[in-house]
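First up is the structure itself, then whatever we jot down about it.
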Amino acid sequence: MASESKFVGWLAYDESSADGNMKWGEFEPKTFTEDDVDIEITHCGICGSDIHTLRSGWGPTMYPCVVGHEIVGKAVRVGSKAQKERGIKVGDRVGVGAQSGSCLKPECAMCSSGEEPRCLHRVDTYNSTYPDGSKSYGGYANYNRSPGHFVVKIPDELDSADVAPMLCGGITVYSPLKKNGCGTTAKTIGIVGIGGLGHFGLHFAKALGAEKITAISRTSSKKADAEKMGADVFIATNEDNNWAEKHSNSLDLIISTVSSSDMPLSGYLQLLKLNGRFVQVGAPEDFLPGFSAFSLIVHGVNISGSLIGSPSEIEEMLQLAAAKRIKPWIQKIPMKSANKAVVDMKHGKARYRYTLVNDNATTDEA
């Protein structure tokens, strides 16, 4: 990487950026250290988190901000410590997900147990601050600079455009599926919401060996797609008033990907078997709906939440994707059209993830 190379990307300056008003411009990355890797970005997925951040939906955004935390590209500068820890060298195809920092101290219960995303000193890949005070900037750009601990190598068998949305969207559902025994102790799986996250939920539940997969959506408009992705049963909650009763006591594990404050949570809990588990991964901008305590008490149901995944989990997920030949449903969009893509994503037009392709990157892969 030439020392004079500039970091430029799609900068959000205020909440209107979510309406297609990002501006292309230069930004200052964190100061390079021997722990870091510079990546020439070839692909970056568009995640729902990007929309929430652009419009300050989860709290005030630190404008100017470059979003994008599903980054794939070529390592063009590798610090000596990053090379030693991760085995990354210049020219390797690598990726970065939603996290690019944590304390990594041996006394940290989270970092020392492979739970870096739960570290109290977590640094997000964008809209966050590193210990030296510099801001983190994401992947709607030409380059990204991230600490090497959070940079992963991409298996040769996987296409970069497919990998990008796995680095947040994929790992967000893979992690709770794997941790909650999908395919082993949890044989029957429910996926709530058949969007970008939910479609990955169906793919990975099948790859992990679930015996029966139930797709749960408001309408039946995505039924055919869900069945092609691996669903055995489809529930349309707005089209059948008795859906909860018909399918009660049928699922070991539910992964909820929806970000809605009016989802029928009590009905979802009714679907669970004895000691069944409900894991929320979708993050609405307000609150989850209330429910009766008896929804938990009667069957001993457990409710929890899950947040992305560690670098080791991402590597494990990518190996599974390569072995099982998982092919997500994506649409490639030129990086120059990021503003339009963000608006289309916000309006629910993606089927089922968008991947921005940087045509200016020095690679022959598209």
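Chain labels run A, B, ... following the order of the structure tokens; each chain numbers its residues from 1, and ligands are numbered from 1 in the order shown.
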>> I'd like the neighbourhood of His121 of chain A as a list in words, where a residue qualifies if any of its atoms comes within 10 Å (using only C-alpha atoms), though same-chain residues fewer than 4 positions away should be ignored.
In response: Gly101, Ser102, Cys103, Leu104, Cys108, Cys111, Glu116, Pro117, Thr129, Tyr130 and Pro131 of chain A
> So which bits of segment 62-197 of chain A end up helix (DSSP H, G or I) when you DSSP the backbone, as a PyMOL selection string?
Replying inline: chain A and resi 80-86+111-113+116-118+148-150+160-179+196-197
>> Which residues are near segment 5-20 of chain A? Cut-off 6 Å, only C-alpha atoms, ignore same chain within fewer than 4 positions. Put them as a PyMOL selection string.
In response: chain A and resi 24-27+51+54-55+63-66+140-143+339-340+343
Residues as selected, N, CA, C and O atoms, written as a tab-separated table (two decimals), in the first residue's frame, can you do that?
chain	number	residue	atom	x	y	z
A	24	TRP	N	-19.33	11.28	-0.80
A	24	TRP	CA	-18.04	10.64	-0.99
A	24	TRP	C	-16.93	11.61	-0.60
A	24	TRP	O	-16.90	12.76	-1.05
A	25	GLY	N	-16.05	11.16	0.30
A	25	GLY	CA	-15.00	12.05	0.73
A	25	GLY	C	-13.93	11.34	1.53
A	25	GLY	O	-14.00	10.13	1.81
A	26	GLU	N	-12.89	12.07	1.91
A	26	GLU	CA	-11.73	11.52	2.60
A	26	GLU	C	-11.99	11.49	4.11
A	26	GLU	O	-12.69	12.33	4.67
A	27	PHE	N	-11.41	10.47	4.76
A	27	PHE	CA	-11.49	10.39	6.22
A	27	PHE	C	-10.14	9.91	6.77
A	27	PHE	O	-9.32	9.35	6.03
A	51	ILE	N	-28.33	1.09	8.45
A	51	ILE	CA	-29.48	2.00	8.37
A	51	ILE	C	-29.75	2.61	9.74
A	51	ILE	O	-29.95	3.84	9.85
A	54	LEU	N	-27.00	5.20	10.36
A	54	LEU	CA	-27.09	6.38	9.50
A	54	LEU	C	-28.13	7.37	10.02
A	54	LEU	O	-27.93	8.59	9.98
A	55	ARG	N	-29.26	6.85	10.54
A	55	ARG	CA	-30.33	7.74	10.99
A	55	ARG	C	-30.33	7.95	12.50
A	55	ARG	O	-31.29	8.47	13.07
A	63	TYR	N	-21.19	11.58	13.83
A	63	TYR	CA	-20.94	12.07	12.48
A	63	TYR	C	-19.66	12.90	12.45
A	63	TYR	O	-19.34	13.55	13.45
A	64	PRO	N	-18.93	12.89	11.31
A	64	PRO	CA	-19.16	12.08	10.12
A	64	PRO	C	-18.81	10.62	10.36
A	64	PRO	O	-17.92	10.30	11.15
A	65	CYS	N	-19.51	9.76	9.67
A	65	CYS	CA	-19.38	8.32	9.88
A	65	CYS	C	-19.41	7.59	8.54
A	65	CYS	O	-20.17	7.96	7.65
A	66	VAL	N	-18.56	6.58	8.40
A	66	VAL	CA	-18.62	5.67	7.26
A	66	VAL	C	-19.11	4.33	7.80
A	66	VAL	O	-18.44	3.72	8.63
A	140	TYR	N	-17.91	1.14	3.47
A	140	TYR	CA	-18.38	1.82	2.26
A	140	TYR	C	-17.24	2.75	1.82
A	140	TYR	O	-17.35	3.97	1.85
A	141	ALA	N	-16.14	2.17	1.43
A	141	ALA	CA	-14.92	2.93	1.24
A	141	ALA	C	-13.95	2.15	0.36
A	141	ALA	O	-14.24	1.04	-0.09
A	142	ASN	N	-12.79	2.77	0.12
A	142	ASN	CA	-11.76	2.09	-0.67
A	142	ASN	C	-10.81	1.27	0.20
A	142	ASN	O	-10.30	0.23	-0.22
A	143	TYR	N	-10.57	1.72	1.45
A	143	TYR	CA	-9.70	1.00	2.37
A	143	TYR	C	-10.33	0.93	3.75
A	143	TYR	O	-11.16	1.78	4.14
A	339	ASN	N	-25.78	5.00	-2.15
A	339	ASN	CA	-26.91	5.79	-1.66
A	339	ASN	C	-28.25	5.17	-2.05
A	339	ASN	O	-29.16	5.03	-1.22
A	340	LYS	N	-28.37	4.80	-3.30
A	340	LYS	CA	-29.62	4.18	-3.75
A	340	LYS	C	-29.83	2.83	-3.07
A	340	LYS	O	-30.96	2.49	-2.67
A	343	VAL	N	-31.24	3.20	0.44
A	343	VAL	CA	-32.67	3.52	0.41
A	343	VAL	C	-33.49	2.29	0.09
A	343	VAL	O	-34.52	2.01	0.72
> Ala338 of chain A: which residues within 10 Å, counting only C-alpha atoms, same-chain residues fewer than 4 positions away excluded, as number ranges by chain?
Replying inline: A: 10, 20-22, 46, 140, 333-334, 342-344, 354-357
Write out the residues from the selection above, keeping all heavy atoms, as a short mmCIF file (atom, residue, chain, number, x, y, z; two decimals), in the first residue's frame.
data_model
loop_
_atom_site.label_atom_id
_atom_site.label_comp_id
_atom_site.auth_asym_id
_atom_site.auth_seq_id
_atom_site.Cartn_x
_atom_site.Cartn_y
_atom_site.Cartn_z
N TRP A 10 -17.99 6.70 1.66
CA TRP A 10 -19.29 7.36 1.73
C TRP A 10 -19.54 7.85 3.16
O TRP A 10 -19.80 7.07 4.06
CB TRP A 10 -20.40 6.41 1.30
CG TRP A 10 -20.44 6.16 -0.17
CD1 TRP A 10 -20.09 5.03 -0.83
CD2 TRP A 10 -20.87 7.09 -1.17
NE1 TRP A 10 -20.27 5.18 -2.19
CE2 TRP A 10 -20.75 6.45 -2.43
CE3 TRP A 10 -21.34 8.41 -1.12
CZ2 TRP A 10 -21.09 7.07 -3.63
CZ3 TRP A 10 -21.67 9.03 -2.33
CH2 TRP A 10 -21.55 8.36 -3.54
N GLY A 20 -30.34 8.49 1.50
CA GLY A 20 -29.53 8.54 0.28
C GLY A 20 -28.69 9.78 0.15
O GLY A 20 -28.38 10.20 -0.98
N ASN A 21 -28.29 10.36 1.27
CA ASN A 21 -27.54 11.62 1.23
C ASN A 21 -26.11 11.49 1.75
O ASN A 21 -25.54 12.47 2.24
CB ASN A 21 -28.29 12.70 2.03
CG ASN A 21 -29.59 13.09 1.37
OD1 ASN A 21 -29.65 13.25 0.16
ND2 ASN A 21 -30.64 13.21 2.16
N MET A 22 -25.51 10.31 1.67
CA MET A 22 -24.10 10.19 2.01
C MET A 22 -23.25 10.91 0.97
O MET A 22 -23.63 11.01 -0.19
CB MET A 22 -23.70 8.71 2.09
CG MET A 22 -24.41 7.90 3.16
SD MET A 22 -23.88 6.16 3.20
CE MET A 22 -24.48 5.57 1.60
N ILE A 46 -24.30 -4.68 2.86
CA ILE A 46 -25.15 -3.66 3.49
C ILE A 46 -25.97 -4.37 4.55
O ILE A 46 -26.70 -5.32 4.28
CB ILE A 46 -26.06 -2.97 2.47
CG1 ILE A 46 -25.22 -2.20 1.45
CG2 ILE A 46 -27.06 -2.04 3.17
CD1 ILE A 46 -26.04 -1.43 0.42
N TYR A 140 -17.91 1.14 3.47
CA TYR A 140 -18.38 1.82 2.26
C TYR A 140 -17.24 2.75 1.82
O TYR A 140 -17.35 3.97 1.85
CB TYR A 140 -19.62 2.66 2.52
CG TYR A 140 -20.89 1.92 2.88
CD1 TYR A 140 -20.91 0.60 3.28
CD2 TYR A 140 -22.12 2.59 2.82
CE1 TYR A 140 -22.08 -0.04 3.63
CE2 TYR A 140 -23.31 1.95 3.16
CZ TYR A 140 -23.28 0.64 3.57
OH TYR A 140 -24.46 0.01 3.91
N ILE A 333 -24.23 -4.75 -5.99
CA ILE A 333 -24.50 -3.34 -6.30
C ILE A 333 -23.16 -2.61 -6.40
O ILE A 333 -22.30 -2.80 -5.54
CB ILE A 333 -25.34 -2.67 -5.20
CG1 ILE A 333 -26.60 -3.49 -4.87
CG2 ILE A 333 -25.69 -1.23 -5.58
CD1 ILE A 333 -27.64 -3.50 -5.94
N PRO A 334 -22.93 -1.79 -7.41
CA PRO A 334 -21.68 -1.03 -7.47
C PRO A 334 -21.53 -0.11 -6.26
O PRO A 334 -22.51 0.48 -5.79
CB PRO A 334 -21.82 -0.22 -8.77
CG PRO A 334 -22.85 -0.94 -9.58
CD PRO A 334 -23.80 -1.54 -8.59
N VAL A 342 -28.85 1.87 -0.12
CA VAL A 342 -29.26 2.09 1.27
C VAL A 342 -30.76 2.37 1.34
O VAL A 342 -31.48 1.84 2.20
CB VAL A 342 -28.45 3.23 1.90
CG1 VAL A 342 -29.15 3.78 3.14
CG2 VAL A 342 -27.05 2.75 2.26
N VAL A 343 -31.24 3.20 0.44
CA VAL A 343 -32.67 3.52 0.41
C VAL A 343 -33.49 2.29 0.09
O VAL A 343 -34.52 2.01 0.72
CB VAL A 343 -32.96 4.66 -0.60
CG1 VAL A 343 -34.46 4.88 -0.75
CG2 VAL A 343 -32.28 5.95 -0.16
N ASP A 344 -33.05 1.53 -0.90
CA ASP A 344 -33.77 0.29 -1.25
C ASP A 344 -33.75 -0.70 -0.10
O ASP A 344 -34.75 -1.39 0.16
CB ASP A 344 -33.13 -0.34 -2.49
CG ASP A 344 -33.42 0.44 -3.77
OD1 ASP A 344 -34.30 1.31 -3.74
OD2 ASP A 344 -32.74 0.18 -4.79
N TYR A 354 -27.72 -7.16 0.11
CA TYR A 354 -26.98 -6.42 -0.91
C TYR A 354 -25.49 -6.49 -0.58
O TYR A 354 -25.09 -6.37 0.59
CB TYR A 354 -27.38 -4.95 -0.91
CG TYR A 354 -28.76 -4.64 -1.47
CD1 TYR A 354 -29.50 -3.58 -0.97
CD2 TYR A 354 -29.30 -5.38 -2.52
CE1 TYR A 354 -30.76 -3.27 -1.47
CE2 TYR A 354 -30.55 -5.08 -3.03
CZ TYR A 354 -31.28 -4.02 -2.50
OH TYR A 354 -32.52 -3.72 -3.01
N THR A 355 -24.68 -6.66 -1.62
CA THR A 355 -23.23 -6.57 -1.47
C THR A 355 -22.71 -5.49 -2.41
O THR A 355 -22.91 -5.57 -3.63
CB THR A 355 -22.54 -7.91 -1.81
OG1 THR A 355 -22.95 -8.91 -0.88
CG2 THR A 355 -21.03 -7.76 -1.72
N LEU A 356 -22.07 -4.49 -1.82
CA LEU A 356 -21.45 -3.44 -2.62
C LEU A 356 -20.15 -3.96 -3.21
O LEU A 356 -19.35 -4.61 -2.52
CB LEU A 356 -21.17 -2.20 -1.76
CG LEU A 356 -22.40 -1.51 -1.16
CD1 LEU A 356 -21.95 -0.38 -0.22
CD2 LEU A 356 -23.30 -0.96 -2.25
N VAL A 357 -19.94 -3.69 -4.50
CA VAL A 357 -18.74 -4.15 -5.20
C VAL A 357 -17.93 -2.92 -5.59
O VAL A 357 -18.43 -2.02 -6.27
CB VAL A 357 -19.11 -4.96 -6.46
CG1 VAL A 357 -17.85 -5.42 -7.18
CG2 VAL A 357 -19.97 -6.16 -6.09
#
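Residues in contact range of segment 145-150 of chain A, defined as at most 6 Å between only C-alpha atoms, with sequence neighbours fewer than 3 positions away removed, read A:Asp35, A:Asp36, A:Val37, A:Asp38, A:Ala82, A:Ser100, A:Pro311.
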> Of the residues A:Gly57, A:Gly230, A:Gly87, A:Pro284, which is the one nearest to Ala75 of chain A, using only C-alpha atoms?
Replying inline: A:Gly87
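The space separating atom CA of Ser295 of chain A from atom CA of Ser175 of chain A comes to 25.1 Å.
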>> I need the residues in segment 21-82 of chain A that are strand (DSSP E) according to DSSP; give them as a ChimeraX atom specification.
In response: /A:23-26,36-46,71-78
> Residues at most 10 Å from Trp329 of chain A, counting only C-alpha atoms, excluding those fewer than 2 positions away in the same chain, as an NGL selection string?
Replying inline: :A and (162 or 165 or 196 or 199-200 or 225 or 229 or 326-327 or 331 or 350-354)
Write a file of the just-selected residues containing all heavy atoms, as a short mmCIF file (atom, residue, chain, number, x, y, z; two decimals), in the first residue's frame.
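Dumped to result18.cif:
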data_model
loop_
_atom_site.label_atom_id
_atom_site.label_comp_id
_atom_site.auth_asym_id
_atom_site.auth_seq_id
_atom_site.Cartn_x
_atom_site.Cartn_y
_atom_site.Cartn_z
N ASP A 162 -20.33 -13.33 -1.68
CA ASP A 162 -21.13 -14.16 -0.78
C ASP A 162 -20.64 -14.05 0.65
O ASP A 162 -21.44 -14.05 1.60
CB ASP A 162 -21.07 -15.63 -1.21
CG ASP A 162 -21.77 -15.89 -2.53
OD1 ASP A 162 -22.62 -15.07 -2.93
OD2 ASP A 162 -21.46 -16.92 -3.16
N PRO A 165 -21.72 -10.52 3.35
CA PRO A 165 -22.85 -10.46 4.27
C PRO A 165 -22.83 -11.51 5.37
O PRO A 165 -23.54 -11.39 6.37
CB PRO A 165 -24.06 -10.64 3.37
CG PRO A 165 -23.55 -11.33 2.15
CD PRO A 165 -22.15 -10.83 1.98
N GLY A 196 -32.83 -10.54 5.60
CA GLY A 196 -31.41 -10.78 5.45
C GLY A 196 -30.86 -11.71 6.49
O GLY A 196 -30.13 -12.66 6.18
N HIS A 199 -32.83 -15.35 6.40
CA HIS A 199 -32.46 -16.25 5.30
C HIS A 199 -31.15 -16.97 5.63
O HIS A 199 -30.98 -18.14 5.32
CB HIS A 199 -32.43 -15.47 3.98
CG HIS A 199 -31.11 -15.29 3.34
ND1 HIS A 199 -30.19 -14.36 3.80
CD2 HIS A 199 -30.54 -15.88 2.26
CE1 HIS A 199 -29.12 -14.39 3.02
NE2 HIS A 199 -29.29 -15.31 2.08
N PHE A 200 -30.23 -16.29 6.33
CA PHE A 200 -29.03 -16.96 6.81
C PHE A 200 -29.38 -17.98 7.89
O PHE A 200 -28.75 -19.05 7.97
CB PHE A 200 -28.03 -15.95 7.37
CG PHE A 200 -27.11 -15.36 6.34
CD1 PHE A 200 -27.06 -13.99 6.14
CD2 PHE A 200 -26.28 -16.17 5.57
CE1 PHE A 200 -26.21 -13.44 5.20
CE2 PHE A 200 -25.42 -15.63 4.63
CZ PHE A 200 -25.38 -14.25 4.44
N ASP A 225 -39.61 -19.00 -1.29
CA ASP A 225 -38.18 -18.75 -1.07
C ASP A 225 -37.68 -19.49 0.16
O ASP A 225 -36.62 -20.12 0.14
CB ASP A 225 -37.92 -17.26 -0.90
CG ASP A 225 -38.02 -16.48 -2.21
OD1 ASP A 225 -38.15 -17.13 -3.27
OD2 ASP A 225 -37.96 -15.24 -2.17
N MET A 229 -34.73 -22.40 0.74
CA MET A 229 -33.60 -22.19 1.64
C MET A 229 -33.49 -23.27 2.71
O MET A 229 -32.52 -23.27 3.47
CB MET A 229 -33.73 -20.82 2.30
CG MET A 229 -33.63 -19.64 1.36
SD MET A 229 -34.04 -18.09 2.21
CE MET A 229 -34.21 -16.96 0.84
N ILE A 326 -22.64 -23.37 1.12
CA ILE A 326 -23.75 -22.44 1.38
C ILE A 326 -23.66 -21.26 0.41
O ILE A 326 -22.61 -20.64 0.27
CB ILE A 326 -23.72 -21.96 2.84
CG1 ILE A 326 -24.06 -23.13 3.77
CG2 ILE A 326 -24.69 -20.79 3.06
CD1 ILE A 326 -23.96 -22.80 5.23
N LYS A 327 -24.76 -20.99 -0.23
CA LYS A 327 -24.82 -19.91 -1.22
C LYS A 327 -25.92 -18.94 -0.82
O LYS A 327 -27.10 -19.17 -1.07
CB LYS A 327 -25.11 -20.50 -2.60
CG LYS A 327 -25.05 -19.49 -3.74
CD LYS A 327 -23.61 -19.14 -4.09
CE LYS A 327 -23.55 -18.24 -5.35
NZ LYS A 327 -22.17 -17.80 -5.63
N GLN A 331 -27.59 -9.71 -3.94
CA GLN A 331 -27.60 -8.89 -5.15
C GLN A 331 -26.39 -7.98 -5.10
O GLN A 331 -26.17 -7.29 -4.10
CB GLN A 331 -28.90 -8.06 -5.21
CG GLN A 331 -30.16 -8.90 -5.34
CD GLN A 331 -31.40 -8.12 -4.97
OE1 GLN A 331 -31.84 -8.11 -3.82
NE2 GLN A 331 -32.01 -7.46 -5.95
N ALA A 350 -34.36 -5.65 -0.68
CA ALA A 350 -33.29 -6.63 -0.85
C ALA A 350 -33.83 -8.05 -0.80
O ALA A 350 -34.68 -8.37 0.03
CB ALA A 350 -32.24 -6.45 0.24
N ARG A 351 -33.34 -8.91 -1.68
CA ARG A 351 -33.68 -10.33 -1.68
C ARG A 351 -32.40 -11.15 -1.82
O ARG A 351 -32.06 -11.61 -2.87
CB ARG A 351 -34.68 -10.67 -2.80
CG ARG A 351 -36.06 -10.12 -2.61
CD ARG A 351 -36.77 -10.76 -1.41
NE ARG A 351 -38.12 -10.27 -1.24
CZ ARG A 351 -38.47 -9.19 -0.55
NH1 ARG A 351 -37.52 -8.46 0.04
NH2 ARG A 351 -39.72 -8.84 -0.42
N TYR A 352 -31.61 -11.40 -0.73
CA TYR A 352 -32.02 -11.00 0.61
C TYR A 352 -30.94 -10.15 1.28
O TYR A 352 -31.15 -9.65 2.37
CB TYR A 352 -32.33 -12.25 1.44
CG TYR A 352 -33.71 -12.79 1.10
CD1 TYR A 352 -33.91 -13.59 0.00
CD2 TYR A 352 -34.83 -12.43 1.86
CE1 TYR A 352 -35.18 -14.06 -0.32
CE2 TYR A 352 -36.08 -12.90 1.55
CZ TYR A 352 -36.26 -13.71 0.46
OH TYR A 352 -37.51 -14.14 0.13
N ARG A 353 -29.80 -10.02 0.62
CA ARG A 353 -28.76 -9.11 1.09
C ARG A 353 -28.16 -8.40 -0.12
O ARG A 353 -28.06 -8.97 -1.21
CB ARG A 353 -27.65 -9.85 1.83
CG ARG A 353 -28.06 -10.58 3.08
CD ARG A 353 -28.43 -9.68 4.23
NE ARG A 353 -27.28 -9.12 4.89
CZ ARG A 353 -27.31 -8.63 6.14
NH1 ARG A 353 -28.43 -8.68 6.84
NH2 ARG A 353 -26.24 -8.10 6.70
N TYR A 354 -27.72 -7.16 0.11
CA TYR A 354 -26.98 -6.42 -0.91
C TYR A 354 -25.49 -6.49 -0.58
O TYR A 354 -25.09 -6.37 0.59
CB TYR A 354 -27.38 -4.95 -0.91
CG TYR A 354 -28.76 -4.64 -1.47
CD1 TYR A 354 -29.50 -3.58 -0.97
CD2 TYR A 354 -29.30 -5.38 -2.52
CE1 TYR A 354 -30.76 -3.27 -1.47
CE2 TYR A 354 -30.55 -5.08 -3.03
CZ TYR A 354 -31.28 -4.02 -2.50
OH TYR A 354 -32.52 -3.72 -3.01
#
>> Just to confirm, what's the straight-line distance from atom CA of Asp92 of chain A to atom CA of Ala361 of chain A in Å (one decimal)?
In response: 14.1 Å
> So, counting only C-alpha atoms, which residue among A:Ser49, A:Ser292, A:Ser266, A:Thr172 is closest to Gln280 of chain A?
Replying inline: A:Thr172
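Reported to one decimal place, the separation of atom CA of Arg118 of chain A from atom CA of Phe291 of chain A is 26.7 Å.
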